[in-house]
Each structure stands twice: as structure tokens, then as C-alpha cells.
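Below is one structure; the comments refer to it alone.
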Amino acid sequence: MMRTENISILITGVFYALFAGGLLLARFDRFKTLLLIIRTRRRLRAGSRAAREGALDGHLGGLLHTVFKRKYSTNAFRSVSGLIFLCMLFAGLQSMRPAAASLFAFAVALTPYFLLRIRAETIRRRGSLEGERLVAAFLNQYRIANYNVYETLERLVANGAGFRVCAGHIFKLLLEIRNAGNGEKLHRATEAFANAIDTNWSRMLAYNIRLGAGRGMNVSPGIEDILVQLRDARAGLEETKRLNAESSRIITFFVPFLYFGLNAIAVRFLGLSFPELLRNQLGTSEGFALLILIALLFVVNVILIELVMHRKMDY
């Protein structure tokens with residue numbers, strides 16, 4: 001009886017399988033299209049994720065190259081940041097809850113990136129300050145070279161002592177546009193120069209170089225206009241620095257002096273020993289949170305002052 005029942009189930013299963021196979025064959029084109037849609041969506045998601053990771057690596061790589069003048073591994077920078085996160089997390093877990101410790105550790109782990117960004121922007125700012133001299137020299141050499149962009153760039157590279165930061169970008173631009181066989185390569189070369197300095201005047205100068213090198217146009221009126229606007233921008237930049245000089249000195253020098261001075265007063269007049277002071281700041285959740293908050297606010301204020309005081313020379 002059991003054997004007959006098993007045979008009946010087996011036959012029923014075979015018939016269902018044949019029916020499903022026939023249905024699949026009858027609708028094979030639709031199933032094939034569905035599979036193609038699923039695979040395409042997976043590839044698009046993987047491609048967008050890889051593009052985001054590639055953009056992040058390109059951003060970090062550009063900052064590292066700007067600061068250290070050579071190519072460094074972005075994975076090493078991420079590893080250092082991750083190590084800082086783990087160390088701060090371990091220190092925070094001794095006196096704080098896991099959520100609060102993770103938040104503070106994440107904030108501290110981002111500090112190397114912010115410092116790297118500040119340093120890179122400082123270097124770019126120095127390059128932007130060379131804009132007026134660079135544009136004036138370009139205009140003079142452009143006229144001497146009878147409106148030949150290539151010869152103008154060669155002269156700028158040979159006499160680039162007045163703009164040390166931009167001289168390297170000019171040299172790289174000259175090499176790339178000499179090897180540019182079409183308009184797309186020329187466009188990429190000039191865009192790379194503009195992004196290296198990252199200012200409006202560098203983009204306008206790159207655009208004029210592209211027109212002069214690609215179409216042979218006389219771009220001296222456009223260069224003259226850039227030079228006039230840069231001279232106006234310099235006057236406004238100097239006025240901003242004068243107005244904010246006192247705030248910069250207070251944050252940079254007075255805040256650290258005040259913090260260490262208060263610690264010295266606590267040890268000297270309140271009867272606290274130095275190990276006890278460290279234990280109160282690092283061994284308790286309130287003291288550790290306050291210390292991290294002070295450090296983060298100090299970094300944020302330094303960043304804001306850098307952004308205000310050391311703006312790029314631009315218009």
C-alpha cells in the first residue's frame with residue numbers, strides 16, 4: 001500500500017515537473033529577459049558602488065598627493081584612521097557607554113582627514129595667491145611669443161621662480177597638451193590644471209589656454225580680464241585678513257594657554273595631584289567626554305578660522 005502511494009506521488013511529481021518545464025519553454029524569452037534585467041541591475045549597483053569607492057579613493061589620493069608631493073596609498077590612510085578609532089573606542093569604553101564611546105571615537109577618527117584637508121587647502125591657497133603674478137607673466141610672455149600658447153607655457157616653466165606652487169602644474173599641463181591628439185585630451189589636461197588649483201581664475205585661465213591651443217585664437221583680452229578681476233580680489237582679501245587677525249590669535253594661542261593654565265591652577269591651588277587630575281579627565285565618563293568635546297571644538301574653530309583668514313585668491 002505504501003509502495004503504491006509512493007509511486008503515485010512520484011508520477012504526480014514527474015507530471016508537475018513536465019508541466020513546469022513546458023511552461024518554461026513556452027515563456028523562455030520572457031524568463032530570459034527577466035534574468036537579463038536582474039543581472040543588469042546587479043551590475044549597475046556594483047558599478048555605482050565601485051564608482052563611489054573610486055571617487056573616494058580619488059579624493060583622498062588627491063589630498064595626499066597635494067600635501068606630500070607624491071602618491072601615497074589611500075588604504076594606509078584608512079588603516080591609520082581605523083586604528084585611531086579602535087584606540088579611542090577602547091579608551092572610551094573604560095568609562096562610557098558603548099554608543100557614546102563609538103560616537104566620540106568616530107569623531108576623533110575623522111580628525112586626520114580634516115587636518116589633511118586643511119593642509120591641502122592651505123597649499124592650494126598658496127597656489128591661488130600666485131594667480132596675479134602667474135596671469136601677468138602669462139600675458140606678457142603670450143605677447144612676446146606672438147600669441148603662441150605652447151611657447152608661452154615653455155617660457156613660464158623656464159622662469160617659474162615667482163610661482164613655485166603653480167610652476168609644477170604649468171609644467172604638467174605643457175607636457176599633456178603637447179601629447180594631446182584631440183580635443184578631448186586637451187580638455188582633460190586643462191581641466192586637471194584648473195582642478196589642481198581649484199579657483200575660478202584657474203578655470204578661466206584653463207579655458208583660455210584650451211581655446212588658444214586648440215583653435216589658435218588670440219585670447220589676450222580674456223587674460224586681461226582675469227588679471228583685472230584678480231587685482232580687485234586681492235584688495236578684498238587683504239581687508240578680510242585685517243579684520244579677522246585678532247580672532248585668529250585668540251583661538252590659536254589663547255585657548256590652549258587657557259586650558260593648560262587652568263590645569264596648572266587646579267594642581268597648584270586646589271590640592272589635586274597630577275595623576276589624580278589625569279584620572280578625573282580620562283577615567284570618568286564626564287571628564288573624558290568633556291576633554292574630547294573641548295578638543296573637537298578647538299579643531300572646528302581652527303578650521304573655521306583657516307577658512308575665513310586664509311581664503312583662496314579668487315573672484
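Chain identifiers are assigned as A, B, and so on, following the order in which chains appear in the C-alpha cells; residues are numbered from 1 within each chain, and ligands are numbered from 1 in order of appearance.
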Which residues come within 9 Å of Gly222 (chain A), counting only C-alpha atoms, excluding same-chain residues fewer than 3 positions away, as a PDB file with N, CA, C and O atoms, in the first residue's frame?
```pdb
ATOM      1  N   MET A 204      39.121  79.807 -15.592  1.00  0.00           N
ATOM      2  CA  MET A 204      39.073  80.733 -16.727  1.00  0.00           C
ATOM      3  C   MET A 204      40.383  80.720 -17.507  1.00  0.00           C
ATOM      4  O   MET A 204      40.391  80.766 -18.743  1.00  0.00           O
ATOM      5  N   LEU A 205      41.507  80.662 -16.790  1.00  0.00           N
ATOM      6  CA  LEU A 205      42.800  80.586 -17.472  1.00  0.00           C
ATOM      7  C   LEU A 205      42.909  79.293 -18.269  1.00  0.00           C
ATOM      8  O   LEU A 205      43.384  79.296 -19.411  1.00  0.00           O
ATOM      9  N   ASN A 208      40.876  79.609 -21.447  1.00  0.00           N
ATOM     10  CA  ASN A 208      41.557  80.416 -22.465  1.00  0.00           C
ATOM     11  C   ASN A 208      42.737  79.668 -23.080  1.00  0.00           C
ATOM     12  O   ASN A 208      42.992  79.783 -24.287  1.00  0.00           O
ATOM     13  N   ASN A 218      43.355  84.281 -30.451  1.00  0.00           N
ATOM     14  CA  ASN A 218      44.055  85.255 -29.631  1.00  0.00           C
ATOM     15  C   ASN A 218      43.208  85.501 -28.367  1.00  0.00           C
ATOM     16  O   ASN A 218      42.156  86.137 -28.413  1.00  0.00           O
ATOM     17  N   VAL A 219      43.693  84.991 -27.236  1.00  0.00           N
ATOM     18  CA  VAL A 219      42.908  85.042 -26.001  1.00  0.00           C
ATOM     19  C   VAL A 219      43.422  86.124 -25.050  1.00  0.00           C
ATOM     20  O   VAL A 219      43.078  86.105 -23.855  1.00  0.00           O
ATOM     21  N   ASP A 225      41.182  90.411 -18.727  1.00  0.00           N
ATOM     22  CA  ASP A 225      40.018  90.499 -17.841  1.00  0.00           C
ATOM     23  C   ASP A 225      40.256  89.705 -16.554  1.00  0.00           C
ATOM     24  O   ASP A 225      39.885  90.159 -15.455  1.00  0.00           O
ATOM     25  N   ILE A 226      40.876  88.529 -16.644  1.00  0.00           N
ATOM     26  CA  ILE A 226      41.204  87.743 -15.451  1.00  0.00           C
ATOM     27  C   ILE A 226      42.141  88.535 -14.543  1.00  0.00           C
ATOM     28  O   ILE A 226      41.975  88.569 -13.317  1.00  0.00           O
ATOM     29  N   LEU A 227      43.132  89.181 -15.136  1.00  0.00           N
ATOM     30  CA  LEU A 227      44.106  89.936 -14.358  1.00  0.00           C
ATOM     31  C   LEU A 227      43.445  91.105 -13.624  1.00  0.00           C
ATOM     32  O   LEU A 227      43.746  91.366 -12.446  1.00  0.00           O
TER      33      LEU A 227
END
```
For region 152-169 of chain A: contacts at 9 Å, only C-alpha atoms, fewer than 3 positions along chain excluded, given as a short mmCIF file (atom, residue, chain, number, x, y, z; two decimals) with C-alpha atoms, in the first residue's frame:
```cif
data_model
loop_
_atom_site.label_atom_id
_atom_site.label_comp_id
_atom_site.auth_asym_id
_atom_site.auth_seq_id
_atom_site.Cartn_x
_atom_site.Cartn_y
_atom_site.Cartn_z
CA ILE A 123 48.79 74.56 -0.17
CA ARG A 124 46.09 75.28 -2.74
CA ARG A 126 49.29 79.44 -1.61
CA GLY A 127 48.93 78.43 -5.22
CA SER A 128 45.91 80.68 -5.61
CA LEU A 129 47.89 83.62 -4.20
CA GLU A 130 50.27 83.24 -7.12
CA GLY A 131 47.40 83.85 -9.51
CA ARG A 133 51.75 87.01 -10.82
CA LEU A 134 51.07 83.93 -12.94
CA ALA A 137 53.54 86.64 -16.54
CA PHE A 138 51.40 84.55 -18.89
CA LEU A 139 50.03 87.67 -20.57
CA ASN A 140 53.49 89.21 -21.01
CA GLN A 141 55.05 86.02 -22.39
CA TYR A 142 51.99 85.40 -24.57
CA ARG A 143 52.51 88.72 -26.30
CA ILE A 144 56.26 88.17 -26.64
CA ALA A 145 55.68 84.70 -28.13
CA ASN A 146 53.38 86.20 -30.78
CA TYR A 147 50.26 84.65 -29.21
CA ASN A 148 51.60 81.08 -29.22
CA VAL A 149 50.30 79.18 -26.19
CA LYS A 172 52.48 69.09 -16.27
CA LEU A 173 49.94 70.99 -18.37
CA LEU A 174 52.58 71.69 -21.04
CA ALA A 192 43.28 68.83 -14.46
CA PHE A 193 45.21 72.10 -14.23
CA ALA A 196 44.70 71.32 -9.10
CA ILE A 197 44.37 74.98 -8.03
#
```
Gap from CA of Arg188 (chain A) to CA of Ala120 (chain A) - Å, one decimal: 21.9 Å
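One distance worth recording is that between CA of Pro112 (chain A) and CA of Arg78 (chain A), which is 9.8 Å.
We find CA of Asp57 (chain A) and CA of Thr74 (chain A) to be spaced 6.3 Å apart.
Among the candidates A:Leu64, A:Ala109, A:Leu211, A:Ile292, the one nearest to Ser79 (chain A) when counting only C-alpha atoms is A:Ala109.
Comparing the minimum interatomic distances between Ile250 (chain A) and each of A:Leu60, A:Val302, A:Ala266, A:Leu277, counting only C-alpha atoms, we find that A:Val302 sits nearest.
Remark: for Gly214 (chain A), the closest of the candidate residues A:Leu89, A:Val228, A:Leu262, A:Ala189 is A:Ala189 (distances computed over only C-alpha atoms).
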From A:Met88, A:Ala101, A:Val80, A:Ala194, residue lying nearest Glu286 (chain A) [only C-alpha atoms]: A:Ala101
